[in-house]
Amino acid sequence: MNDRNNTRQSGLSADLGRFFIIGIVFLGLALFLRHEMSGSALFQIQVIRAHLLGRNFPGGLGSSSAIFLLSSGLLISLGIPRLWVCGVAGAIYGTGLGTLLALGGSMIGATTVYLFGHSLLAGMVQRRLTGHLTLWGQRLRQNGFWWVLYGRLFPFTNSTINSLICGCYRVPLGQYLAGSLLGFLPLTFVFSAFGNGGINGNFRQVLISLGLLGLAMICRQLTKKYPRATIKNINALSLK
């Protein structure tokens, strides 16, 4: 019991640390870009954004969006944290288009890792998985959609490991894609708003995003505090 409590406390401390780092990064960016001394830097940023948005670029915004979509999918499939990719998407393309592109890139990356695990690594990974990861594998095989959705909804979970386990344990592709799409959407929007608010010096938008992130973290901690209730509720949903 003490080991479980210590693990929970350690996880909470790590999440709080990440929360404050994210707040410092985006609030600091907003503060810097609102300061009078940032004029030259702001001008350079806007020039870079204009080029990335397709100005003087063959194909314009459509080509720029397609390149970002494919490159972000590749980066996420290689293990780059997708939430930071979402922040970059919001900073470049704004909250709306940034959310769509980041969501598309997240789905490409997650699907690539899933297929890789499903086709090449299934046997090796299943032999090496132990303890908590083995338990997750069993849950995913039994109630694929709901457990994928659960794993995607909360911040700071390892999306790459989640995708790999789903592929190795043969979660049906349709359930995997549906759970991933719905689960990715909330935090994709939040981090795109972070990026857009930070790059435009919009404190209100950054603070609202921090509030939404904090709410997601509270929900995650509640599911950790009452794991049996969480499992029971997900199993009940799966039976409906």
# chains A, B, ... in the order shown; residues from 1 in each chain; ligands from 1

$ select_by_dssp --residues "segment 125-226 of chain A" --states "alpha helix (DSSP H)" --output "PyMOL selection string"
chain A and resi 125-128+132-142+144-153+159-168+173-199+203-225

$ residues_around --residues "segment 81-90 of chain A" --least-positions-apart "2" --cutoff "8 Å" --atoms "only C-alpha atoms" --output "ChimeraX atom specification"
/A:72,76,79,92-99,101-103,106,159,187-189,191-196

$ write_last_selection --atoms "C-alpha atoms" --output "mmCIF file, in the first residue's frame"
data_model
loop_
_atom_site.group_PDB
_atom_site.id
_atom_site.type_symbol
_atom_site.label_atom_id
_atom_site.label_comp_id
_atom_site.auth_asym_id
_atom_site.auth_seq_id
_atom_site.Cartn_x
_atom_site.Cartn_y
_atom_site.Cartn_z
ATOM 1 C CA SER A 72 4.242 16.120 -37.929
ATOM 2 C CA ILE A 76 5.097 11.757 -33.791
ATOM 3 C CA GLY A 79 8.352 9.410 -30.578
ATOM 4 C CA ILE A 92 1.771 28.733 -36.912
ATOM 5 C CA TYR A 93 -1.763 28.137 -38.163
ATOM 6 C CA GLY A 94 -3.981 29.434 -35.354
ATOM 7 C CA THR A 95 -6.185 27.470 -32.994
ATOM 8 C CA GLY A 96 -8.736 26.227 -35.553
ATOM 9 C CA LEU A 97 -6.584 25.063 -38.459
ATOM 10 C CA GLY A 98 -3.762 24.190 -36.063
ATOM 11 C CA THR A 99 -6.071 21.810 -34.179
ATOM 12 C CA LEU A 101 -3.561 19.699 -38.692
ATOM 13 C CA ALA A 102 -2.192 18.563 -35.338
ATOM 14 C CA LEU A 103 -5.039 16.070 -34.976
ATOM 15 C CA SER A 106 -1.369 12.714 -34.397
ATOM 16 C CA SER A 159 1.130 8.025 -26.729
ATOM 17 C CA LEU A 187 -5.831 18.134 -25.643
ATOM 18 C CA THR A 188 -5.011 18.829 -29.289
ATOM 19 C CA PHE A 189 -7.330 21.827 -29.080
ATOM 20 C CA PHE A 191 -2.279 22.842 -26.867
ATOM 21 C CA SER A 192 -3.072 24.494 -30.186
ATOM 22 C CA ALA A 193 -4.701 27.261 -28.146
ATOM 23 C CA PHE A 194 -1.570 27.405 -25.992
ATOM 24 C CA GLY A 195 0.591 27.923 -29.067
ATOM 25 C CA ASN A 196 -1.728 30.493 -30.637
#

$ closest_residue --among "A:Val171, A:Ile108, A:Leu29, A:Ala216" --to "Pro186 of chain A" --atoms "only C-alpha atoms"
A:Ala216

$ closest_residue --among "A:Arg220, A:Arg34, A:Arg18, A:Arg152" --to "Phe203 of chain A" --atoms "only C-alpha atoms"
A:Arg34

$ closest_residue --among "A:Asn158, A:Ala91, A:Gly28, A:Leu173" --to "Arg49 of chain A" --atoms "only C-alpha atoms"
A:Ala91

$ residues_around --residues "Thr112 of chain A" --least-positions-apart "2" --cutoff "10 Å" --atoms "only C-alpha atoms" --output "number ranges by chain"
A: 73-74, 76-78, 106-110, 114-118, 160, 163-164, 167

$ write_last_selection --atoms "C-alpha atoms" --output "tab-separated table (two decimals), in the first residue's frame"
chain	number	residue	atom	x	y	z
A	73	GLY	CA	2.93	12.59	-38.48
A	74	LEU	CA	6.49	11.39	-39.11
A	76	ILE	CA	5.10	11.76	-33.79
A	77	SER	CA	5.66	8.25	-35.15
A	78	LEU	CA	9.33	8.62	-34.17
A	106	SER	CA	-1.37	12.71	-34.40
A	107	MET	CA	-3.55	10.17	-36.19
A	108	ILE	CA	-0.92	9.54	-38.86
A	109	GLY	CA	1.79	9.03	-36.23
A	110	ALA	CA	-0.40	6.85	-34.01
A	114	TYR	CA	0.13	0.78	-34.40
A	115	LEU	CA	0.81	-0.87	-37.78
A	116	PHE	CA	4.49	-1.26	-36.93
A	117	GLY	CA	3.63	-3.01	-33.67
A	118	HIS	CA	0.90	-5.08	-35.30
A	160	THR	CA	3.85	6.04	-28.55
A	163	SER	CA	-0.03	2.86	-29.83
A	164	LEU	CA	2.61	0.14	-29.86
A	167	GLY	CA	-0.85	-2.87	-32.32

$ closest_residue --among "A:Gln142, A:Ser63, A:Gln221, A:Ser71" --to "Phe156 of chain A" --atoms "only C-alpha atoms"
A:Gln221

$ atom_distance --atom1 "atom CA of Leu177 of chain A" --atom2 "atom CA of Leu153 of chain A"
13.6 Å
